[in-house]
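Colleague: Have a peek at structure-v1.cif (mmCIF, C-alpha atoms).
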```cif
data_protein
loop_
_atom_site.group_PDB
_atom_site.id
_atom_site.type_symbol
_atom_site.label_atom_id
_atom_site.label_comp_id
_atom_site.auth_asym_id
_atom_site.auth_seq_id
_atom_site.Cartn_x
_atom_site.Cartn_y
_atom_site.Cartn_z
ATOM 1 C CA MET R 208 11.582 -5.479 -33.802
ATOM 2 C CA ASN R 209 14.700 -3.442 -33.036
ATOM 3 C CA SER R 210 15.748 -2.157 -29.615
ATOM 4 C CA ALA R 211 14.545 1.383 -30.325
ATOM 5 C CA GLN R 212 11.075 0.040 -31.025
ATOM 6 C CA VAL R 213 11.124 -1.993 -27.827
ATOM 7 C CA GLU R 214 11.881 1.084 -25.769
ATOM 8 C CA THR R 215 9.406 3.305 -27.641
ATOM 9 C CA ASP R 216 6.623 0.767 -27.309
ATOM 10 C CA SER R 217 7.283 0.028 -23.633
ATOM 11 C CA PRO R 218 4.084 -0.042 -21.522
ATOM 12 C CA ASP R 219 5.539 2.732 -19.363
ATOM 13 C CA THR R 220 5.488 5.112 -22.348
ATOM 14 C CA ALA R 221 1.887 4.385 -23.327
ATOM 15 C CA GLY R 222 -0.406 7.356 -22.967
ATOM 16 C CA ARG R 223 2.386 9.763 -22.041
ATOM 17 C CA PRO R 224 1.253 13.415 -21.781
ATOM 18 C CA GLY R 225 3.068 14.826 -24.811
ATOM 19 C CA ASP R 226 6.135 16.964 -24.290
ATOM 20 C CA ALA R 227 5.687 16.899 -20.510
ATOM 21 C CA TYR R 228 6.731 13.243 -20.415
ATOM 22 C CA VAL R 229 10.413 12.685 -19.567
ATOM 23 C CA GLN R 230 11.068 9.272 -21.080
ATOM 24 C CA SER R 231 14.525 8.763 -19.563
ATOM 25 C CA PHE R 232 13.134 9.402 -16.072
ATOM 26 C CA ALA R 233 10.315 6.902 -16.670
ATOM 27 C CA ARG R 234 12.860 4.324 -17.839
ATOM 28 C CA GLY R 235 14.912 4.889 -14.688
ATOM 29 C CA LEU R 236 11.850 4.185 -12.556
ATOM 30 C CA ALA R 237 11.148 1.057 -14.617
ATOM 31 C CA VAL R 238 14.657 -0.204 -13.861
ATOM 32 C CA ILE R 239 14.219 0.451 -10.135
ATOM 33 C CA ARG R 240 10.841 -1.316 -10.139
ATOM 34 C CA SER R 241 12.345 -4.344 -11.866
ATOM 35 C CA PHE R 242 13.982 -5.303 -8.551
ATOM 36 C CA ASP R 243 11.750 -7.025 -6.017
ATOM 37 C CA ALA R 244 11.727 -9.852 -3.494
ATOM 38 C CA THR R 245 11.856 -12.460 -6.256
ATOM 39 C CA ARG R 246 14.568 -10.566 -8.185
ATOM 40 C CA PRO R 247 16.852 -8.922 -5.602
ATOM 41 C CA ALA R 248 19.949 -9.372 -7.794
ATOM 42 C CA GLN R 249 19.832 -9.259 -11.588
ATOM 43 C CA THR R 250 22.147 -9.313 -14.542
ATOM 44 C CA LEU R 251 22.000 -6.583 -17.161
ATOM 45 C CA THR R 252 20.050 -8.892 -19.452
ATOM 46 C CA GLU R 253 17.520 -9.644 -16.727
ATOM 47 C CA VAL R 254 17.048 -5.965 -15.874
ATOM 48 C CA ALA R 255 16.526 -5.136 -19.535
ATOM 49 C CA ALA R 256 13.928 -7.878 -19.915
ATOM 50 C CA ALA R 257 12.092 -6.998 -16.709
ATOM 51 C CA SER R 258 11.958 -3.271 -17.477
ATOM 52 C CA GLY R 259 11.182 -3.585 -21.195
ATOM 53 C CA LEU R 260 14.334 -1.773 -22.267
ATOM 54 C CA SER R 261 17.217 -2.580 -24.587
ATOM 55 C CA ARG R 262 20.444 -3.787 -22.988
ATOM 56 C CA ALA R 263 22.125 -0.506 -23.932
ATOM 57 C CA GLY R 264 19.321 1.547 -22.369
ATOM 58 C CA ALA R 265 19.235 -0.540 -19.201
ATOM 59 C CA ARG R 266 23.042 -0.353 -18.922
ATOM 60 C CA ARG R 267 23.052 3.466 -19.100
ATOM 61 C CA ILE R 268 20.424 3.717 -16.390
ATOM 62 C CA LEU R 269 22.102 1.136 -14.132
ATOM 63 C CA LEU R 270 25.440 2.909 -14.394
ATOM 64 C CA THR R 271 23.776 6.247 -13.619
ATOM 65 C CA LEU R 272 22.021 4.762 -10.583
ATOM 66 C CA GLN R 273 25.319 3.173 -9.526
ATOM 67 C CA ALA R 274 27.114 6.536 -9.779
ATOM 68 C CA LEU R 275 24.371 8.095 -7.611
ATOM 69 C CA GLY R 276 24.659 5.330 -5.026
ATOM 70 C CA TYR R 277 21.264 3.691 -5.583
ATOM 71 C CA VAL R 278 22.656 0.540 -7.234
ATOM 72 C CA GLU R 279 25.759 -1.544 -6.662
ATOM 73 C CA ALA R 280 27.381 -4.211 -8.809
ATOM 74 C CA ASP R 281 28.961 -7.498 -7.783
ATOM 75 C CA GLY R 282 30.412 -9.147 -10.846
ATOM 76 C CA ARG R 283 27.579 -9.586 -13.344
ATOM 77 C CA TYR R 284 24.855 -8.870 -10.796
ATOM 78 C CA PHE R 285 23.259 -5.559 -9.875
ATOM 79 C CA THR R 286 21.375 -4.923 -6.627
ATOM 80 C CA LEU R 287 19.657 -1.911 -5.095
ATOM 81 C CA THR R 288 21.372 -0.260 -2.137
ATOM 82 C CA ALA R 289 19.795 0.973 1.076
ATOM 83 C CA LYS R 290 19.923 4.498 -0.337
ATOM 84 C CA ILE R 291 16.868 3.640 -2.444
ATOM 85 C CA LEU R 292 14.881 3.895 0.799
ATOM 86 C CA ASP R 293 15.444 7.654 0.670
ATOM 87 C CA LEU R 294 12.974 7.814 -2.206
ATOM 88 C CA GLY R 295 10.259 6.073 -0.220
ATOM 89 C CA PHE R 296 10.882 8.000 2.960
ATOM 90 C CA ALA R 297 10.775 11.271 1.030
ATOM 91 C CA TYR R 298 7.164 10.377 0.252
ATOM 92 C CA LEU R 299 6.373 9.236 3.778
ATOM 93 C CA THR R 300 7.869 12.274 5.474
ATOM 94 C CA SER R 301 5.997 14.584 3.096
ATOM 95 C CA MET R 302 2.662 13.100 4.146
ATOM 96 C CA PRO R 303 0.823 15.346 6.613
ATOM 97 C CA PHE R 304 -0.082 12.589 9.043
ATOM 98 C CA TRP R 305 3.304 10.815 9.130
ATOM 99 C CA ASN R 306 4.663 12.401 12.300
ATOM 100 C CA LEU R 307 1.208 13.026 13.711
ATOM 101 C CA ALA R 308 -0.199 9.515 13.534
ATOM 102 C CA GLU R 309 2.630 7.441 14.976
ATOM 103 C CA PRO R 310 2.385 8.575 18.640
ATOM 104 C CA VAL R 311 -1.404 8.305 18.494
ATOM 105 C CA MET R 312 -1.112 4.775 17.119
ATOM 106 C CA GLU R 313 1.403 3.833 19.800
ATOM 107 C CA GLU R 314 -1.011 5.105 22.433
ATOM 108 C CA LEU R 315 -3.842 3.123 20.828
ATOM 109 C CA VAL R 316 -1.760 -0.072 20.844
ATOM 110 C CA GLY R 317 -0.989 0.491 24.518
ATOM 111 C CA GLN R 318 -4.717 0.806 25.166
ATOM 112 C CA VAL R 319 -6.054 -2.152 23.152
ATOM 113 C CA HIS R 320 -2.948 -4.405 23.138
ATOM 114 C CA GLU R 321 -3.410 -5.237 19.454
ATOM 115 C CA SER R 322 -1.405 -4.258 16.365
ATOM 116 C CA CYS R 323 -2.164 -0.989 14.601
ATOM 117 C CA SER R 324 -1.245 0.109 11.078
ATOM 118 C CA ALA R 325 -1.909 2.905 8.607
ATOM 119 C CA ALA R 326 -2.071 2.593 4.835
ATOM 120 C CA VAL R 327 -2.836 4.522 1.662
ATOM 121 C CA LEU R 328 -4.431 3.369 -1.589
ATOM 122 C CA ASN R 329 -2.233 2.764 -4.612
ATOM 123 C CA GLY R 330 -4.053 1.355 -7.601
ATOM 124 C CA THR R 331 -5.797 -1.840 -6.504
ATOM 125 C CA GLU R 332 -3.594 -2.274 -3.434
ATOM 126 C CA ILE R 333 -2.997 -0.696 -0.058
ATOM 127 C CA VAL R 334 0.529 0.323 0.900
ATOM 128 C CA TYR R 335 1.553 0.287 4.562
ATOM 129 C CA VAL R 336 3.021 3.628 5.649
ATOM 130 C CA LEU R 337 3.020 3.113 9.429
ATOM 131 C CA ARG R 338 2.908 0.027 11.621
ATOM 132 C CA VAL R 339 2.963 -0.511 15.389
ATOM 133 C CA PRO R 340 2.913 -4.304 15.928
ATOM 134 C CA THR R 341 2.318 -6.335 19.070
ATOM 135 C CA HIS R 342 1.555 -10.049 18.704
ATOM 136 C CA LYS R 343 2.355 -11.672 15.367
ATOM 137 C CA ILE R 344 -1.114 -12.675 14.197
ATOM 138 C CA ILE R 345 -0.576 -12.903 10.462
ATOM 139 C CA THR R 346 1.750 -15.168 8.506
ATOM 140 C CA ILE R 347 2.463 -12.377 5.992
ATOM 141 C CA ASN R 348 5.514 -10.365 7.013
ATOM 142 C CA LEU R 349 4.203 -6.794 7.071
ATOM 143 C CA SER R 350 6.345 -3.667 7.260
ATOM 144 C CA ILE R 351 6.357 -0.136 5.887
ATOM 145 C CA GLY R 352 6.002 -0.409 2.119
ATOM 146 C CA SER R 353 4.211 -3.771 2.230
ATOM 147 C CA ARG R 354 1.305 -4.139 -0.171
ATOM 148 C CA LEU R 355 -1.951 -6.063 0.155
ATOM 149 C CA PRO R 356 -5.029 -6.231 -2.074
ATOM 150 C CA ALA R 357 -7.487 -3.485 -1.181
ATOM 151 C CA PHE R 358 -10.672 -5.454 -1.810
ATOM 152 C CA CYS R 359 -10.248 -7.963 1.044
ATOM 153 C CA THR R 360 -8.671 -5.721 3.703
ATOM 154 C CA SER R 361 -10.461 -3.396 6.094
ATOM 155 C CA MET R 362 -8.139 -0.472 5.329
ATOM 156 C CA GLY R 363 -8.642 -1.127 1.629
ATOM 157 C CA ARG R 364 -12.401 -0.971 1.957
ATOM 158 C CA VAL R 365 -12.217 2.291 3.893
ATOM 159 C CA LEU R 366 -10.041 3.749 1.137
ATOM 160 C CA LEU R 367 -12.216 2.328 -1.647
ATOM 161 C CA SER R 368 -15.279 3.833 0.025
ATOM 162 C CA ALA R 369 -13.897 7.286 -0.765
ATOM 163 C CA LEU R 370 -14.118 6.673 -4.529
ATOM 164 C CA ASP R 371 -17.108 7.585 -6.672
ATOM 165 C CA GLU R 372 -18.994 4.815 -8.432
ATOM 166 C CA ASP R 373 -17.066 5.050 -11.709
ATOM 167 C CA GLN R 374 -13.718 5.062 -9.924
ATOM 168 C CA LEU R 375 -14.759 2.152 -7.718
ATOM 169 C CA ASP R 376 -15.936 0.123 -10.710
ATOM 170 C CA ALA R 377 -12.628 0.758 -12.459
ATOM 171 C CA ARG R 378 -10.587 -0.355 -9.423
ATOM 172 C CA LEU R 379 -12.626 -3.499 -8.873
ATOM 173 C CA ASP R 380 -12.565 -4.361 -12.591
ATOM 174 C CA ALA R 381 -8.762 -4.093 -12.468
ATOM 175 C CA THR R 382 -8.551 -6.324 -9.387
ATOM 176 C CA ALA R 383 -8.073 -10.078 -9.432
ATOM 177 C CA LEU R 384 -10.906 -10.964 -7.071
ATOM 178 C CA GLU R 385 -9.363 -14.204 -5.863
ATOM 179 C CA ALA R 386 -10.398 -15.929 -2.647
ATOM 180 C CA ARG R 387 -7.695 -15.759 0.005
ATOM 181 C CA THR R 388 -9.816 -17.806 2.436
ATOM 182 C CA PRO R 389 -13.270 -19.434 2.323
ATOM 183 C CA HIS R 390 -14.611 -16.159 3.781
ATOM 184 C CA THR R 391 -13.290 -13.814 1.071
ATOM 185 C CA ILE R 392 -15.939 -11.852 -0.825
ATOM 186 C CA THR R 393 -15.090 -12.216 -4.499
ATOM 187 C CA ASP R 394 -18.364 -11.208 -6.146
ATOM 188 C CA LYS R 395 -18.180 -7.618 -7.399
ATOM 189 C CA THR R 396 -21.796 -6.801 -6.546
ATOM 190 C CA ALA R 397 -21.405 -8.136 -3.007
ATOM 191 C CA LEU R 398 -18.140 -6.200 -2.625
ATOM 192 C CA LYS R 399 -19.770 -2.961 -3.703
ATOM 193 C CA GLN R 400 -22.534 -3.570 -1.169
ATOM 194 C CA ALA R 401 -19.955 -4.159 1.580
ATOM 195 C CA ILE R 402 -18.110 -0.978 0.597
ATOM 196 C CA ALA R 403 -21.398 0.957 0.595
ATOM 197 C CA VAL R 404 -21.918 -0.160 4.201
ATOM 198 C CA VAL R 405 -18.434 1.143 5.048
ATOM 199 C CA ARG R 406 -19.247 4.462 3.379
ATOM 200 C CA ARG R 407 -22.459 4.831 5.408
ATOM 201 C CA GLN R 408 -21.108 3.810 8.810
ATOM 202 C CA GLY R 409 -17.665 5.397 8.499
ATOM 203 C CA TRP R 410 -15.589 2.338 9.386
ATOM 204 C CA ALA R 411 -14.901 -1.199 8.168
ATOM 205 C CA ILE R 412 -14.409 -4.652 9.618
ATOM 206 C CA VAL R 413 -13.109 -7.625 7.659
ATOM 207 C CA ASP R 414 -13.514 -11.029 9.265
ATOM 208 C CA GLN R 415 -10.918 -13.560 8.092
ATOM 209 C CA GLU R 416 -11.113 -12.611 4.405
ATOM 210 C CA LEU R 417 -7.391 -11.951 4.004
ATOM 211 C CA GLU R 418 -6.149 -14.769 6.209
ATOM 212 C CA GLU R 419 -7.779 -17.366 8.443
ATOM 213 C CA GLY R 420 -7.898 -16.190 12.053
ATOM 214 C CA LEU R 421 -7.257 -12.508 11.232
ATOM 215 C CA ILE R 422 -9.900 -9.881 11.945
ATOM 216 C CA SER R 423 -9.185 -6.271 11.078
ATOM 217 C CA MET R 424 -11.138 -3.097 11.777
ATOM 218 C CA SER R 425 -10.347 0.257 10.168
ATOM 219 C CA ALA R 426 -11.298 3.925 10.272
ATOM 220 C CA PRO R 427 -10.492 6.779 7.886
ATOM 221 C CA ILE R 428 -7.941 9.539 8.313
ATOM 222 C CA ARG R 429 -9.205 12.702 6.630
ATOM 223 C CA ASP R 430 -7.586 15.920 5.483
ATOM 224 C CA ARG R 431 -8.763 19.483 6.072
ATOM 225 C CA GLN R 432 -11.375 19.170 3.304
ATOM 226 C CA GLY R 433 -12.743 15.957 4.795
ATOM 227 C CA ARG R 434 -11.252 13.758 2.081
ATOM 228 C CA ILE R 435 -9.993 10.319 3.080
ATOM 229 C CA ILE R 436 -6.211 10.318 2.675
ATOM 230 C CA ALA R 437 -5.353 7.164 4.643
ATOM 231 C CA ALA R 438 -6.827 4.465 6.851
ATOM 232 C CA MET R 439 -5.869 3.244 10.326
ATOM 233 C CA ASN R 440 -6.604 -0.245 11.575
ATOM 234 C CA ILE R 441 -6.547 -2.563 14.559
ATOM 235 C CA SER R 442 -5.849 -6.229 13.804
ATOM 236 C CA GLY R 443 -6.776 -9.042 16.154
ATOM 237 C CA ASN R 444 -6.842 -12.817 16.391
ATOM 238 C CA ALA R 445 -10.247 -14.463 15.993
ATOM 239 C CA GLN R 446 -9.334 -16.925 18.736
ATOM 240 C CA ARG R 447 -9.074 -14.072 21.241
ATOM 241 C CA LYS R 448 -12.073 -12.019 20.108
ATOM 242 C CA ASN R 449 -14.665 -12.581 17.393
ATOM 243 C CA ALA R 450 -15.796 -9.775 15.117
ATOM 244 C CA LYS R 451 -18.642 -8.611 17.371
ATOM 245 C CA GLN R 452 -16.375 -8.602 20.415
ATOM 246 C CA MET R 453 -13.747 -6.605 18.516
ATOM 247 C CA VAL R 454 -16.301 -3.986 17.534
ATOM 248 C CA LYS R 455 -17.528 -3.706 21.109
ATOM 249 C CA ALA R 456 -14.038 -3.463 22.605
ATOM 250 C CA PHE R 457 -12.070 -1.561 19.969
ATOM 251 C CA LEU R 458 -14.331 0.512 17.716
ATOM 252 C CA ASP R 459 -14.601 3.567 19.951
ATOM 253 C CA PRO R 460 -10.843 3.771 20.697
ATOM 254 C CA LEU R 461 -10.061 3.299 16.989
ATOM 255 C CA LEU R 462 -12.505 5.993 15.847
ATOM 256 C CA GLU R 463 -11.224 8.364 18.504
ATOM 257 C CA ALA R 464 -7.607 7.813 17.445
ATOM 258 C CA ALA R 465 -8.417 8.301 13.743
ATOM 259 C CA GLN R 466 -10.365 11.479 14.538
ATOM 260 C CA ARG R 467 -7.452 12.827 16.610
ATOM 261 C CA VAL R 468 -5.051 12.323 13.716
ATOM 262 C CA SER R 469 -7.541 13.838 11.269
ATOM 263 C CA ALA R 470 -7.945 16.897 13.501
ATOM 264 C CA MET R 471 -4.168 17.349 13.692
ATOM 265 C CA VAL R 472 -3.863 17.002 9.913
ATOM 266 C CA ALA R 473 -6.584 19.642 9.494
ATOM 267 C CA ARG R 474 -4.824 22.054 11.833
ATOM 268 C CA ARG R 475 -1.507 21.579 10.080
ATOM 269 C CA GLY R 476 -3.143 21.981 6.689
#
```
Translate the structure described by the file into structure tokens.
Modeller:
Amino acid sequence: MNSAQVETDSPDTAGRPGDAYVQSFARGLAVIRSFDATRPAQTLTEVAAASGLSRAGARRILLTLQALGYVEADGRYFTLTAKILDLGFAYLTSMPFWNLAEPVMEELVGQVHESCSAAVLNGTEIVYVLRVPTHKIITINLSIGSRLPAFCTSMGRVLLSALDEDQLDARLDATALEARTPHTITDKTALKQAIAVVRRQGWAIVDQELEEGLISMSAPIRDRQGRIIAAMNISGNAQRKNAKQMVKAFLDPLLEAAQRVSAMVARRG
């Protein structure tokens, strides 16, 4: 197979919407996505392999990104620069609840003395868009842009509860339902039942399914039409409060905070 075939048959070009698809732009995004925590610095050959492009195609894109300031080179190795954060923050600052939610979350943290975060759904994962930490209660290093599986997180279940049955089935079928702890629900039928409970009651609690000792409780943030656009959570340590105690102490403040943000989003919309 020649290099042109490799680029044409790249997974990123599958199912492209005809003439509306800008292949060079998609290839540029593939190059950017090829860098991650396990591959912070790559050679041209490595970038080409990771992005599914020919060396010539990857080189053109890397040099373009370098000229724009998004990539820098040190000898044979290419790395992303801090300017790449502009792309992510352009998304975050365009979200209607970005500036609205943070002061409300800070106030909530001051009230409950536990960490608070907000996330959106992306595929089978949640992506953190806001975080106000207090105690470090989780071994995973979480920050804006961090991703976690949706199925075993309280924010994920709130966000999944907004999907219709066909959409939910598709997301769960695409998810590796692997046990993170002995408490993780990995059976699809049981997961759908748990998500149905979240849909009925309007909030979610996940008791040590993501990590031992971590309990998280979440509520939805809605737009003007009542659609769930994000989720807000409170995370606590099971040694300080069990799940029932967390619900008793934190559910009302959490729901109130999420409703305040939703109301502000609705007014702005």
Colleague: Write out as a list in words the residues lying within 9 Å of R:Pro340, counting all atoms listed in the file and excluding same-chain residues fewer than 3 positions away.
Modeller: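 Here the answer would be Val316, Glu321, Ser322, Cys323, Ser324 and Lys343 of chain R.
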Colleague: Keeping only C-alpha atoms, write the selected residues to a file as a PDB file, keeping the file's coordinate frame.
Modeller:
```
ATOM      1  CA  VAL R 316      -1.760  -0.072  20.844  1.00  0.00           C
ATOM      2  CA  GLU R 321      -3.410  -5.237  19.454  1.00  0.00           C
ATOM      3  CA  SER R 322      -1.405  -4.258  16.365  1.00  0.00           C
ATOM      4  CA  CYS R 323      -2.164  -0.989  14.601  1.00  0.00           C
ATOM      5  CA  SER R 324      -1.245   0.109  11.078  1.00  0.00           C
ATOM      6  CA  LYS R 343       2.355 -11.672  15.367  1.00  0.00           C
TER       7      LYS R 343
END
```
Colleague: Find the residues around stretch 436-447 of chain R up to 7 Å (all atoms listed in the file counted), leave out those fewer than 2 positions away in its own chain, and share them as a PyMOL selection string.
Modeller: chain R and resi 321-327+344+362+365-366+420-430+434+449+465
Colleague: I'd like the contact shell of stretch 266-277 of chain R - 12 Å cut-off, only C-alpha atoms, skipping same-chain residues fewer than 4 positions apart - returned as a VMD selection string.
Modeller: chain R and resid 230 to 239 241 to 242 249 to 256 258 260 to 262 281 283 to 294
Colleague: Name the residues that the PyMOL selection byres ((chain R and resi 466) around 12) pulls out of this structure, and write them as a ChimeraX atom specification.
Modeller: /R:304,307-308,311-312,409-410,426-431,433,435,437-439,459-465,467-473
Colleague: Draw an axis-aligned box over all listed atoms of stretch 357-362 of chain R, pad each side with 5 Å, and write its centre and edge lengths in Å, one decimal, as lines of an AutoDock Vina configuration file.
Modeller:
```
center_x = -9.1
center_y = -4.2
center_z = 2.1
size_x = 13.2
size_y = 17.5
size_z = 17.9
```
Colleague: Tell me which protein, DNA and RNA residues are within 10 Å of R:Ala456, counting all atoms listed in the file, leaving out same-chain ones fewer than 6 positions away, and put them as number ranges by chain.
Modeller: R: 319, 448, 450
Colleague: Starting from the displayed file, determine the output of the PyMOL selection byres ((chain R and resi 383) around 10) and express the residue list as a PyMOL selection string.
Modeller: chain R and resi 331+356+358+379-382+384-386+393
Colleague: Grab the atom CA of R:Cys359 to atom CA of R:Asp376 distance for me, in Å with one decimal place.
Modeller: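 Interatomic distance, atom CA of R:Cys359 to atom CA of R:Asp376: 15.4 Å.
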Colleague: Go ahead and compute the interatomic distance for atom CA of R:Ile392 and atom CA of R:Glu416, in Å to one decimal.
Modeller: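 Separating atom CA of R:Ile392 from atom CA of R:Glu416 is a distance of 7.2 Å.
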Colleague: How many Å separate atom CA of R:Leu355 from atom CA of R:Arg240?
Modeller: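 Calculated distance between atom CA of R:Leu355 and atom CA of R:Arg240 is 17.1 Å.
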